[in-house]
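**Student:** Pasting a structure below so you can have a look.
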Amino acid sequence: MNILLTGGAGYIGSHTTVVLSQAGHNVVILDNFCNSQKSVLDRLQSILGKALPYVEADVLDAAAVEKALRDYQIEAVIHFAGLKAVGESVENPLKYYANNVQGSISVLQAMKAVGIKTFVFSSSATVYGDPQYLPYDEKHPTKPMNPYGWTKLQVEEILHDVSISDPQWKVACLRYFNPVGAHESGLIGENPSGIPNNLMPFVARVATGHLPKLNVFGNDYDTKDGTGERDYIHVMDLAEGHMAALTYLENHPGWHAINLGTGIPVSVLDLVGAFEKVIGREIPKAFAARRTGDLPVYYAQPERAKALLNWAAKRSLDEIAASTWKWQQTTVKTER
Ligand code: NAD
Ligand code: UDP
């Protein structure tokens, strides 16, 4: 299948590129590189043994997206392109609604013009908001707690309306939990610019000595060790989930919201402990106040993905830590 990956040079998109290409699909990346580097294309080439076509464009440019769809005879789109920093979305909501919501509309308009109706969307567990119960299943009420989350929910709603207007549309809204880890080659992974907000990249930078210590935000939650719990999913498992979703959509038109998570809550100390085991030394850390806006715990009910997609996360926390460390040692260290 010929598949366009908007935001394909980013963290999750690059891993999905590898999975789809190695399964024999023809992947075309469309990215404006606002949060990724072109060097990822060379590293993808090293992993895949061939160069991939890419288009440097903004998804807001519907004409450029339409041209890419026609030039490469695209049959399905996976829409990763989006901004994802929760704090920035609170400070600058218009930037987020423009890029994430208008950007999605632009891609859908281009698809409509060309007659392509298969769409996989990068949604997020953040659409659920304050847990009424856990684990979150897909029937859990949706009420995001910040503009970033609202952009995801609004695009889900738009997709729902589109799929009702034309029953030939095949749409999967994949609600990711916490993606972490890297490809086993150590050539692609997550390397945010500036000081990371998320736990895993922060821990990695403490491990490499670029940051002095980890602040553990809260140790008085009602969790097994008092620290916050999340559902950390290996990015390669997540990437494989996208391929499973595309296969499912072949015979299942309509709109589908599906959690991609492990179903296992993991505490901050669990994750740090796995990392310490890999590097063979302690990560300097200190307990600090709770971070404003943090939920104590959330994790996925992953049964729907298993039932519909025949997909389940299979990689362990140890593999997550080991692949993150290999990425740091192989690539981040040399590119910094
Ligand atoms: P990322 O920032 O690494 O990748 C996003 C890519 O999209 C980048 O390469 C960026 O340059 C590109 N991009 C952004 N805006 C664009 C635009 N207007 N036009 C063209 N390209 C554009 O992020 P990621 O972690 O790979 O996330 C991918 C998607 O998954 C995002 O939509 C994100 O909101 C969603 N998501 C991520 C997480 C997470 O924790 N990483 C969790 C849930 C959902
Ligand atoms: N966390 C932490 N120190 C950090 C960053 C995160 O203790 O420097 C904690 C955070 O409070 C939460 C967990 O790690 O309990 C995951 O945070 P992250 O930002 O990675 O994911 P999110 O909260 O967005 O799910």
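Convention: chains lettered A, B, ... in structure tokens order; per-chain residue numbering from 1; ligands numbered from 1 as shown.
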Write out as a ChimeraX atom specification all residues of region 103-239 of chain A that backbone DSSP assigns to strand (DSSP E).
**Tutor:** /A:118-124,170-176,178-180,214-217,229-230,232-234
**Student:** Would you mind exporting N, CA, C and O atoms of the selected residues as an mmCIF file, in the first residue's frame?
**Tutor:**
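Written out: selection-v4.cif:
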```cif
data_model
loop_
_atom_site.group_PDB
_atom_site.id
_atom_site.type_symbol
_atom_site.label_atom_id
_atom_site.label_comp_id
_atom_site.auth_asym_id
_atom_site.auth_seq_id
_atom_site.Cartn_x
_atom_site.Cartn_y
_atom_site.Cartn_z
ATOM 1 N N THR A 118 -9.035 6.651 3.662
ATOM 2 C CA THR A 118 -8.527 5.850 4.784
ATOM 3 C C THR A 118 -7.578 6.714 5.604
ATOM 4 O O THR A 118 -6.572 7.220 5.077
ATOM 5 N N PHE A 119 -7.897 6.866 6.899
ATOM 6 C CA PHE A 119 -7.204 7.864 7.724
ATOM 7 C C PHE A 119 -6.973 7.309 9.126
ATOM 8 O O PHE A 119 -7.906 6.881 9.800
ATOM 9 N N VAL A 120 -5.723 7.332 9.543
ATOM 10 C CA VAL A 120 -5.390 6.937 10.913
ATOM 11 C C VAL A 120 -4.904 8.192 11.630
ATOM 12 O O VAL A 120 -4.007 8.886 11.136
ATOM 13 N N PHE A 121 -5.501 8.459 12.778
ATOM 14 C CA PHE A 121 -5.207 9.710 13.489
ATOM 15 C C PHE A 121 -4.496 9.443 14.813
ATOM 16 O O PHE A 121 -4.904 8.580 15.591
ATOM 17 N N SER A 122 -3.443 10.232 15.073
ATOM 18 C CA SER A 122 -2.714 10.194 16.345
ATOM 19 C C SER A 122 -3.524 10.910 17.404
ATOM 20 O O SER A 122 -3.393 12.120 17.578
ATOM 21 N N SER A 123 -4.362 10.175 18.116
ATOM 22 C CA SER A 123 -5.059 10.797 19.231
ATOM 23 C C SER A 123 -4.319 10.461 20.520
ATOM 24 O O SER A 123 -3.168 9.991 20.481
ATOM 25 N N SER A 124 -4.962 10.695 21.638
ATOM 26 C CA SER A 124 -4.223 10.587 22.888
ATOM 27 C C SER A 124 -5.162 10.218 24.032
ATOM 28 O O SER A 124 -6.349 10.602 24.026
ATOM 29 N N LYS A 170 -12.861 5.325 6.199
ATOM 30 C CA LYS A 170 -12.361 4.349 7.170
ATOM 31 C C LYS A 170 -11.413 5.103 8.092
ATOM 32 O O LYS A 170 -10.337 5.527 7.657
ATOM 33 N N VAL A 171 -11.824 5.278 9.336
ATOM 34 C CA VAL A 171 -11.081 6.157 10.239
ATOM 35 C C VAL A 171 -10.751 5.437 11.545
ATOM 36 O O VAL A 171 -11.640 4.870 12.190
ATOM 37 N N ALA A 172 -9.490 5.479 11.922
ATOM 38 C CA ALA A 172 -9.095 4.976 13.246
ATOM 39 C C ALA A 172 -8.483 6.120 14.044
ATOM 40 O O ALA A 172 -7.525 6.758 13.591
ATOM 41 N N CYS A 173 -9.062 6.407 15.216
ATOM 42 C CA CYS A 173 -8.479 7.370 16.144
ATOM 43 C C CYS A 173 -7.742 6.553 17.197
ATOM 44 O O CYS A 173 -8.376 5.902 18.036
ATOM 45 N N LEU A 174 -6.433 6.577 17.119
ATOM 46 C CA LEU A 174 -5.639 5.751 18.037
ATOM 47 C C LEU A 174 -5.271 6.605 19.246
ATOM 48 O O LEU A 174 -4.572 7.619 19.110
ATOM 49 N N ARG A 175 -5.770 6.197 20.391
ATOM 50 C CA ARG A 175 -5.528 6.967 21.621
ATOM 51 C C ARG A 175 -4.303 6.397 22.323
ATOM 52 O O ARG A 175 -4.378 5.385 23.023
ATOM 53 N N TYR A 176 -3.165 7.090 22.097
ATOM 54 C CA TYR A 176 -1.900 6.612 22.656
ATOM 55 C C TYR A 176 -1.843 6.905 24.141
ATOM 56 O O TYR A 176 -2.242 7.982 24.587
ATOM 57 N N ASN A 178 1.503 6.456 27.044
ATOM 58 C CA ASN A 178 2.776 7.193 27.117
ATOM 59 C C ASN A 178 3.865 6.505 26.291
ATOM 60 O O ASN A 178 4.502 5.570 26.774
ATOM 61 N N PRO A 179 4.110 6.990 25.072
ATOM 62 C CA PRO A 179 5.113 6.343 24.222
ATOM 63 C C PRO A 179 6.533 6.607 24.736
ATOM 64 O O PRO A 179 6.885 7.751 25.049
ATOM 65 N N VAL A 180 7.315 5.567 24.820
ATOM 66 C CA VAL A 180 8.713 5.660 25.284
ATOM 67 C C VAL A 180 9.541 4.628 24.519
ATOM 68 O O VAL A 180 8.997 3.807 23.788
ATOM 69 N N LEU A 214 17.026 14.075 38.740
ATOM 70 C CA LEU A 214 15.597 13.998 38.437
ATOM 71 C C LEU A 214 14.804 14.490 39.634
ATOM 72 O O LEU A 214 15.055 14.051 40.769
ATOM 73 N N ASN A 215 13.850 15.373 39.399
ATOM 74 C CA ASN A 215 12.870 15.705 40.435
ATOM 75 C C ASN A 215 11.682 14.780 40.262
ATOM 76 O O ASN A 215 11.050 14.781 39.202
ATOM 77 N N VAL A 216 11.391 14.000 41.273
ATOM 78 C CA VAL A 216 10.223 13.110 41.227
ATOM 79 C C VAL A 216 9.045 13.914 41.763
ATOM 80 O O VAL A 216 9.012 14.270 42.950
ATOM 81 N N PHE A 217 8.094 14.207 40.871
ATOM 82 C CA PHE A 217 7.005 15.112 41.239
ATOM 83 C C PHE A 217 5.940 14.380 42.057
ATOM 84 O O PHE A 217 5.002 13.824 41.500
ATOM 85 N N GLU A 229 1.623 7.097 38.503
ATOM 86 C CA GLU A 229 1.656 5.901 37.654
ATOM 87 C C GLU A 229 1.090 6.200 36.274
ATOM 88 O O GLU A 229 0.076 6.881 36.130
ATOM 89 N N ARG A 230 1.764 5.643 35.253
ATOM 90 C CA ARG A 230 1.369 5.823 33.852
ATOM 91 C C ARG A 230 1.487 4.492 33.121
ATOM 92 O O ARG A 230 2.136 3.562 33.587
ATOM 93 N N TYR A 232 3.257 3.173 30.196
ATOM 94 C CA TYR A 232 4.337 3.441 29.241
ATOM 95 C C TYR A 232 4.362 2.358 28.178
ATOM 96 O O TYR A 232 4.484 1.173 28.497
ATOM 97 N N ILE A 233 4.258 2.782 26.928
ATOM 98 C CA ILE A 233 4.207 1.814 25.822
ATOM 99 C C ILE A 233 5.429 2.001 24.913
ATOM 100 O O ILE A 233 5.765 3.138 24.544
ATOM 101 N N HIS A 234 6.087 0.891 24.604
ATOM 102 C CA HIS A 234 7.266 0.935 23.725
ATOM 103 C C HIS A 234 6.846 1.459 22.355
ATOM 104 O O HIS A 234 5.854 0.986 21.776
#
```
**Student:** Among region 51-219 of chain A, which residues carry a DSSP assignment of helix (DSSP H, G or I), reported as a VMD selection string?
**Tutor:** chain A and resid 62 to 71 86 to 91 93 to 114 125 to 127 147 to 165 199 to 207
**Student:** What does the distance between CA of Ala76 (chain A) and CA of Leu5 (chain A) come to in Å, to one decimal place?
**Tutor:**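 Interatomic distance here is 8.8 Å.
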**Student:** At a cut-off of 9 Å and counting only C-alpha atoms and all ligand atoms, what residues surround ligand 2? Please answer as a PDB file with N, CA and C atoms, in the first residue's frame.
**Tutor:**
```pdb
ATOM      1  N   VAL A  86       1.882  20.178  26.208  1.00  0.00           N
ATOM      2  CA  VAL A  86       0.674  20.586  26.943  1.00  0.00           C
ATOM      3  C   VAL A  86       0.816  22.017  27.482  1.00  0.00           C
ATOM      4  N   ALA A 125      -4.618   9.545  25.020  1.00  0.00           N
ATOM      5  CA  ALA A 125      -5.380   9.242  26.233  1.00  0.00           C
ATOM      6  C   ALA A 125      -5.809  10.504  26.950  1.00  0.00           C
ATOM      7  N   THR A 126      -5.179  11.619  26.603  1.00  0.00           N
ATOM      8  CA  THR A 126      -5.518  12.874  27.253  1.00  0.00           C
ATOM      9  C   THR A 126      -6.960  13.307  26.946  1.00  0.00           C
ATOM     10  N   PHE A 177      -1.204   6.015  24.874  1.00  0.00           N
ATOM     11  CA  PHE A 177      -0.863   6.296  26.267  1.00  0.00           C
ATOM     12  C   PHE A 177       0.540   6.926  26.285  1.00  0.00           C
ATOM     13  N   ASN A 178       1.503   6.456  27.044  1.00  0.00           N
ATOM     14  CA  ASN A 178       2.776   7.193  27.117  1.00  0.00           C
ATOM     15  C   ASN A 178       3.865   6.505  26.291  1.00  0.00           C
ATOM     16  N   PRO A 179       4.110   6.990  25.072  1.00  0.00           N
ATOM     17  CA  PRO A 179       5.113   6.343  24.222  1.00  0.00           C
ATOM     18  C   PRO A 179       6.533   6.607  24.736  1.00  0.00           C
ATOM     19  N   VAL A 180       7.315   5.567  24.820  1.00  0.00           N
ATOM     20  CA  VAL A 180       8.713   5.660  25.284  1.00  0.00           C
ATOM     21  C   VAL A 180       9.541   4.628  24.519  1.00  0.00           C
ATOM     22  N   PRO A 196      13.601  18.543  28.798  1.00  0.00           N
ATOM     23  CA  PRO A 196      12.388  17.739  28.570  1.00  0.00           C
ATOM     24  C   PRO A 196      11.362  17.917  29.674  1.00  0.00           C
ATOM     25  N   ASN A 197      10.089  17.871  29.304  1.00  0.00           N
ATOM     26  CA  ASN A 197       8.998  17.870  30.283  1.00  0.00           C
ATOM     27  C   ASN A 197       8.658  16.454  30.699  1.00  0.00           C
ATOM     28  N   ASN A 198       8.813  15.519  29.766  1.00  0.00           N
ATOM     29  CA  ASN A 198       8.373  14.144  30.026  1.00  0.00           C
ATOM     30  C   ASN A 198       9.428  13.360  30.783  1.00  0.00           C
ATOM     31  N   LEU A 199       8.952  12.374  31.508  1.00  0.00           N
ATOM     32  CA  LEU A 199       9.822  11.643  32.425  1.00  0.00           C
ATOM     33  C   LEU A 199      10.983  10.937  31.719  1.00  0.00           C
ATOM     34  N   MET A 200      10.676  10.137  30.700  1.00  0.00           N
ATOM     35  CA  MET A 200      11.721   9.292  30.126  1.00  0.00           C
ATOM     36  C   MET A 200      12.881  10.083  29.527  1.00  0.00           C
ATOM     37  N   PRO A 201      12.604  11.090  28.663  1.00  0.00           N
ATOM     38  CA  PRO A 201      13.734  11.866  28.146  1.00  0.00           C
ATOM     39  C   PRO A 201      14.488  12.614  29.241  1.00  0.00           C
ATOM     40  N   PHE A 202      13.782  12.992  30.315  1.00  0.00           N
ATOM     41  CA  PHE A 202      14.467  13.676  31.419  1.00  0.00           C
ATOM     42  C   PHE A 202      15.432  12.701  32.109  1.00  0.00           C
ATOM     43  N   VAL A 203      14.938  11.500  32.386  1.00  0.00           N
ATOM     44  CA  VAL A 203      15.784  10.482  33.030  1.00  0.00           C
ATOM     45  C   VAL A 203      17.010  10.203  32.160  1.00  0.00           C
ATOM     46  N   LEU A 214      17.026  14.075  38.740  1.00  0.00           N
ATOM     47  CA  LEU A 214      15.597  13.998  38.437  1.00  0.00           C
ATOM     48  C   LEU A 214      14.804  14.490  39.634  1.00  0.00           C
ATOM     49  N   ASN A 215      13.850  15.373  39.399  1.00  0.00           N
ATOM     50  CA  ASN A 215      12.870  15.705  40.435  1.00  0.00           C
ATOM     51  C   ASN A 215      11.682  14.780  40.262  1.00  0.00           C
ATOM     52  N   VAL A 216      11.391  14.000  41.273  1.00  0.00           N
ATOM     53  CA  VAL A 216      10.223  13.110  41.227  1.00  0.00           C
ATOM     54  C   VAL A 216       9.045  13.914  41.763  1.00  0.00           C
ATOM     55  N   PHE A 217       8.094  14.207  40.871  1.00  0.00           N
ATOM     56  CA  PHE A 217       7.005  15.112  41.239  1.00  0.00           C
ATOM     57  C   PHE A 217       5.940  14.380  42.057  1.00  0.00           C
ATOM     58  N   GLY A 218       6.080  14.414  43.345  1.00  0.00           N
ATOM     59  CA  GLY A 218       5.075  13.834  44.246  1.00  0.00           C
ATOM     60  C   GLY A 218       5.433  12.420  44.667  1.00  0.00           C
ATOM     61  N   ASN A 219       5.461  12.208  45.992  1.00  0.00           N
ATOM     62  CA  ASN A 219       5.645  10.829  46.493  1.00  0.00           C
ATOM     63  C   ASN A 219       4.591  10.511  47.553  1.00  0.00           C
ATOM     64  N   THR A 227       4.437   7.462  44.074  1.00  0.00           N
ATOM     65  CA  THR A 227       4.744   8.290  42.891  1.00  0.00           C
ATOM     66  C   THR A 227       3.702   8.040  41.803  1.00  0.00           C
ATOM     67  N   GLY A 228       3.631   8.938  40.853  1.00  0.00           N
ATOM     68  CA  GLY A 228       2.608   8.872  39.805  1.00  0.00           C
ATOM     69  C   GLY A 228       2.765   7.628  38.944  1.00  0.00           C
ATOM     70  N   GLU A 229       1.623   7.097  38.503  1.00  0.00           N
ATOM     71  CA  GLU A 229       1.656   5.901  37.654  1.00  0.00           C
ATOM     72  C   GLU A 229       1.090   6.200  36.274  1.00  0.00           C
ATOM     73  N   ARG A 230       1.764   5.643  35.253  1.00  0.00           N
ATOM     74  CA  ARG A 230       1.369   5.823  33.852  1.00  0.00           C
ATOM     75  C   ARG A 230       1.487   4.492  33.121  1.00  0.00           C
ATOM     76  N   ASP A 231       0.938   4.511  31.898  1.00  0.00           N
ATOM     77  CA  ASP A 231       0.970   3.326  31.038  1.00  0.00           C
ATOM     78  C   ASP A 231       2.010   3.594  29.942  1.00  0.00           C
ATOM     79  N   TYR A 232       3.257   3.173  30.196  1.00  0.00           N
ATOM     80  CA  TYR A 232       4.337   3.441  29.241  1.00  0.00           C
ATOM     81  C   TYR A 232       4.362   2.358  28.178  1.00  0.00           C
ATOM     82  N   SER A 267       5.041   2.996  37.981  1.00  0.00           N
ATOM     83  CA  SER A 267       5.312   4.215  38.750  1.00  0.00           C
ATOM     84  C   SER A 267       6.599   4.882  38.263  1.00  0.00           C
ATOM     85  N   VAL A 268       6.782   6.130  38.694  1.00  0.00           N
ATOM     86  CA  VAL A 268       8.023   6.842  38.359  1.00  0.00           C
ATOM     87  C   VAL A 268       9.217   6.039  38.862  1.00  0.00           C
ATOM     88  N   LEU A 269       9.116   5.525  40.083  1.00  0.00           N
ATOM     89  CA  LEU A 269      10.258   4.779  40.640  1.00  0.00           C
ATOM     90  C   LEU A 269      10.494   3.458  39.909  1.00  0.00           C
ATOM     91  N   LEU A 271       9.996   3.001  36.687  1.00  0.00           N
ATOM     92  CA  LEU A 271      10.647   3.327  35.416  1.00  0.00           C
ATOM     93  C   LEU A 271      12.110   3.711  35.645  1.00  0.00           C
ATOM     94  N   PHE A 287      12.824  13.804  45.805  1.00  0.00           N
ATOM     95  CA  PHE A 287      11.378  13.991  45.777  1.00  0.00           C
ATOM     96  C   PHE A 287      11.063  15.484  45.795  1.00  0.00           C
ATOM     97  N   ALA A 288      10.096  15.863  44.982  1.00  0.00           N
ATOM     98  CA  ALA A 288       9.701  17.270  44.883  1.00  0.00           C
ATOM     99  C   ALA A 288       8.182  17.342  44.956  1.00  0.00           C
ATOM    100  N   ARG A 290       4.265  17.862  43.989  1.00  0.00           N
ATOM    101  CA  ARG A 290       3.460  17.414  42.840  1.00  0.00           C
ATOM    102  C   ARG A 290       3.488  18.466  41.742  1.00  0.00           C
ATOM    103  N   ARG A 291       3.441  18.034  40.500  1.00  0.00           N
ATOM    104  CA  ARG A 291       3.387  18.967  39.371  1.00  0.00           C
ATOM    105  C   ARG A 291       1.923  19.364  39.138  1.00  0.00           C
ATOM    106  N   THR A 292       1.690  20.678  39.002  1.00  0.00           N
ATOM    107  CA  THR A 292       0.319  21.160  38.812  1.00  0.00           C
ATOM    108  C   THR A 292      -0.316  20.491  37.595  1.00  0.00           C
ATOM    109  N   GLY A 293      -1.556  20.044  37.754  1.00  0.00           N
ATOM    110  CA  GLY A 293      -2.294  19.467  36.625  1.00  0.00           C
ATOM    111  C   GLY A 293      -2.064  17.977  36.426  1.00  0.00           C
ATOM    112  N   ASP A 294      -1.116  17.384  37.180  1.00  0.00           N
ATOM    113  CA  ASP A 294      -0.837  15.952  37.005  1.00  0.00           C
ATOM    114  C   ASP A 294      -1.944  15.089  37.588  1.00  0.00           C
ATOM    115  N   LEU A 295      -2.316  14.046  36.869  1.00  0.00           N
ATOM    116  CA  LEU A 295      -3.190  13.023  37.438  1.00  0.00           C
ATOM    117  C   LEU A 295      -2.318  12.053  38.228  1.00  0.00           C
ATOM    118  N   PRO A 296      -2.852  11.520  39.332  1.00  0.00           N
ATOM    119  CA  PRO A 296      -2.042  10.558  40.108  1.00  0.00           C
ATOM    120  C   PRO A 296      -1.715   9.314  39.288  1.00  0.00           C
ATOM    121  N   VAL A 297      -2.740   8.800  38.589  1.00  0.00           N
ATOM    122  CA  VAL A 297      -2.542   7.551  37.863  1.00  0.00           C
ATOM    123  C   VAL A 297      -3.525   7.482  36.706  1.00  0.00           C
ATOM    124  N   TYR A 298      -3.063   6.968  35.573  1.00  0.00           N
ATOM    125  CA  TYR A 298      -3.998   6.555  34.525  1.00  0.00           C
ATOM    126  C   TYR A 298      -3.339   5.506  33.646  1.00  0.00           C
TER     127      TYR A 298
END
```
**Student:** Do you know which residues are within 8 Å of ligand 1 using only C-alpha atoms and all ligand atoms? Can you write them as an NGL selection string?
**Tutor:** :A and (6-14 or 30-37 or 56-60 or 79-84 or 99-100 or 103 or 121-126 or 148 or 152 or 175-180 or 190 or 192)
**Student:** For Ser165 (chain A), please output as a list in words all residues within 12 Å (counting only C-alpha atoms; exclusion window: fewer than 6 positions along the same chain).
**Tutor:**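 The contact residues come out as Lys112, Lys117, Ile158, Leu159, Gly254 and Trp255 of chain A.
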**Student:** Next, dump the selected residues to file, keeping only N, CA and C atoms, as a compact mmCIF listing (two decimals), in the first residue's frame.
**Tutor:**
```
# COMPACT_ATOMS: atom_id res chain seq x y z
N LYS A 112 -10.10 14.50 0.44
CA LYS A 112 -11.43 14.51 -0.18
C LYS A 112 -11.31 14.87 -1.66
N LYS A 117 -9.86 7.84 1.32
CA LYS A 117 -10.78 7.84 2.47
C LYS A 117 -10.32 6.96 3.62
N ILE A 158 -14.53 15.81 14.41
CA ILE A 158 -14.60 16.14 12.98
C ILE A 158 -14.57 14.85 12.16
N LEU A 159 -13.69 13.96 12.54
CA LEU A 159 -13.57 12.69 11.80
C LEU A 159 -14.87 11.88 11.91
N GLY A 254 -16.00 3.14 8.59
CA GLY A 254 -16.60 3.77 9.77
C GLY A 254 -15.53 4.41 10.63
N TRP A 255 -15.94 4.81 11.82
CA TRP A 255 -15.08 5.56 12.76
C TRP A 255 -14.80 4.68 13.97
```
**Student:** Of the candidates A:Gln73, A:Glu303, A:Gly241, A:Glu88, which one gets nearest to Ile116 (chain A) if we count only C-alpha atoms?
**Tutor:**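 With only C-alpha atoms as the atom set, the closest residue is A:Gln73.
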**Student:** Which residues are near region 43-49 of chain A? Cut-off 12 Å, only C-alpha atoms, ignore same chain within fewer than 2 positions. Put them as number ranges by chain.
**Tutor:** A: 8-11, 13-24, 26-27, 29, 37-41, 51-54, 183-189, 327, 330-331, 335
**Student:** Let me see the file: selected residues, N, CA and C atoms, as a short mmCIF file (atom, residue, chain, number, x, y, z; two decimals), in the first residue's frame.
**Tutor:**
```cif
data_model
loop_
_atom_site.label_atom_id
_atom_site.label_comp_id
_atom_site.auth_asym_id
_atom_site.auth_seq_id
_atom_site.Cartn_x
_atom_site.Cartn_y
_atom_site.Cartn_z
N GLY A 8 5.92 12.30 9.64
CA GLY A 8 6.61 11.01 9.63
C GLY A 8 8.07 11.08 10.05
N ALA A 9 8.64 12.30 10.12
CA ALA A 9 10.02 12.42 10.58
C ALA A 9 10.11 12.52 12.10
N GLY A 10 8.97 12.60 12.76
CA GLY A 10 8.97 12.75 14.22
C GLY A 10 9.19 11.43 14.94
N TYR A 11 9.03 11.49 16.23
CA TYR A 11 9.35 10.33 17.09
C TYR A 11 8.51 9.10 16.72
N GLY A 13 6.27 8.79 14.24
CA GLY A 13 6.20 8.60 12.79
C GLY A 13 7.41 7.87 12.24
N SER A 14 8.61 8.18 12.75
CA SER A 14 9.81 7.53 12.20
C SER A 14 9.81 6.03 12.53
N HIS A 15 9.36 5.66 13.72
CA HIS A 15 9.30 4.24 14.06
C HIS A 15 8.22 3.52 13.23
N THR A 16 7.12 4.22 12.99
CA THR A 16 6.06 3.62 12.17
C THR A 16 6.54 3.47 10.73
N THR A 17 7.35 4.41 10.28
CA THR A 17 7.95 4.30 8.94
C THR A 17 8.73 2.99 8.82
N VAL A 18 9.51 2.68 9.84
CA VAL A 18 10.32 1.45 9.79
C VAL A 18 9.42 0.22 9.72
N VAL A 19 8.43 0.18 10.60
CA VAL A 19 7.55 -1.00 10.66
C VAL A 19 6.82 -1.20 9.32
N LEU A 20 6.26 -0.11 8.79
CA LEU A 20 5.48 -0.23 7.54
C LEU A 20 6.38 -0.58 6.35
N SER A 21 7.55 0.08 6.28
CA SER A 21 8.46 -0.18 5.15
C SER A 21 8.95 -1.61 5.20
N GLN A 22 9.30 -2.08 6.38
CA GLN A 22 9.82 -3.45 6.47
C GLN A 22 8.73 -4.49 6.18
N ALA A 23 7.48 -4.08 6.29
CA ALA A 23 6.39 -5.00 5.95
C ALA A 23 6.04 -4.92 4.46
N GLY A 24 6.77 -4.07 3.71
CA GLY A 24 6.57 -4.02 2.26
C GLY A 24 5.71 -2.86 1.77
N ASN A 26 4.84 1.11 0.82
CA ASN A 26 5.59 2.26 0.30
C ASN A 26 5.23 3.48 1.12
N VAL A 27 6.19 3.95 1.91
CA VAL A 27 5.93 5.07 2.81
C VAL A 27 6.46 6.36 2.20
N ILE A 29 6.98 10.34 3.51
CA ILE A 29 6.92 11.22 4.67
C ILE A 29 6.62 12.65 4.22
N GLN A 37 14.40 16.59 12.74
CA GLN A 37 15.55 17.00 11.93
C GLN A 37 15.64 16.15 10.68
N LYS A 38 16.18 16.76 9.64
CA LYS A 38 16.28 16.02 8.38
C LYS A 38 17.22 14.82 8.51
N SER A 39 18.14 14.89 9.47
CA SER A 39 19.09 13.77 9.62
C SER A 39 18.36 12.46 9.92
N VAL A 40 17.13 12.55 10.40
CA VAL A 40 16.38 11.31 10.66
C VAL A 40 16.18 10.54 9.35
N LEU A 41 16.11 11.26 8.24
CA LEU A 41 15.89 10.59 6.94
C LEU A 41 17.11 9.73 6.58
N ALA A 51 16.62 4.76 0.38
CA ALA A 51 16.14 6.12 0.66
C ALA A 51 14.62 6.16 0.52
N LEU A 52 13.99 6.97 1.35
CA LEU A 52 12.53 7.09 1.29
C LEU A 52 12.16 8.42 0.67
N PRO A 53 11.09 8.45 -0.11
CA PRO A 53 10.64 9.75 -0.61
C PRO A 53 10.10 10.60 0.53
N TYR A 54 10.38 11.90 0.47
CA TYR A 54 9.77 12.79 1.47
C TYR A 54 9.41 14.11 0.82
N HIS A 183 14.01 2.53 18.64
CA HIS A 183 14.28 1.38 17.77
C HIS A 183 15.56 0.67 18.24
N GLU A 184 15.60 -0.63 18.04
CA GLU A 184 16.71 -1.43 18.57
C GLU A 184 18.06 -1.03 17.96
N SER A 185 18.05 -0.39 16.80
CA SER A 185 19.31 0.03 16.17
C SER A 185 19.98 1.17 16.94
N GLY A 186 19.20 1.89 17.72
CA GLY A 186 19.73 3.10 18.37
C GLY A 186 19.83 4.28 17.42
N LEU A 187 19.26 4.15 16.23
CA LEU A 187 19.40 5.22 15.22
C LEU A 187 18.23 6.20 15.22
N ILE A 188 17.10 5.78 15.75
CA ILE A 188 15.98 6.73 15.87
C ILE A 188 15.40 6.62 17.29
N GLY A 189 14.83 7.73 17.75
CA GLY A 189 14.28 7.76 19.11
C GLY A 189 13.74 9.15 19.39
N TRP A 327 19.88 4.32 22.22
CA TRP A 327 19.64 5.53 21.41
C TRP A 327 20.50 6.69 21.91
N THR A 330 24.21 5.75 21.02
CA THR A 330 24.54 5.60 19.60
C THR A 330 24.40 6.92 18.85
N THR A 331 23.34 7.64 19.13
CA THR A 331 23.00 8.79 18.27
C THR A 331 22.96 10.12 19.02
N GLU A 335 25.14 13.51 18.23
CA GLU A 335 24.46 14.62 17.52
C GLU A 335 24.30 15.86 18.38
#
```
**Student:** For CA of Leu211 (chain A) and CA of Gly194 (chain A), quote the distance in Å rounded to one decimal.
**Tutor:**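 CA of Gly194 (chain A) lies 11.2 Å from CA of Leu211 (chain A).
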**Student:** Within 8 Å of Tyr136 (chain A), counting only C-alpha atoms, which residues show up once you throw out same-chain ones fewer than 4 positions away? Write them as number ranges by chain, please.
**Tutor:** A: 128, 131, 140, 298-301
**Student:** To one decimal place in Å, what is the distance between CA of Glu240 (chain A) and CA of Val127 (chain A)?
**Tutor:** 22.0 Å
**Student:** For Thr208 (chain A), which of A:Trp325, A:Val77, A:Thr223, A:Gly87 is the closest residue, counting only C-alpha atoms?
**Tutor:**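 Using only C-alpha atoms, the shortest distance to Thr208 (chain A) belongs to A:Trp325.
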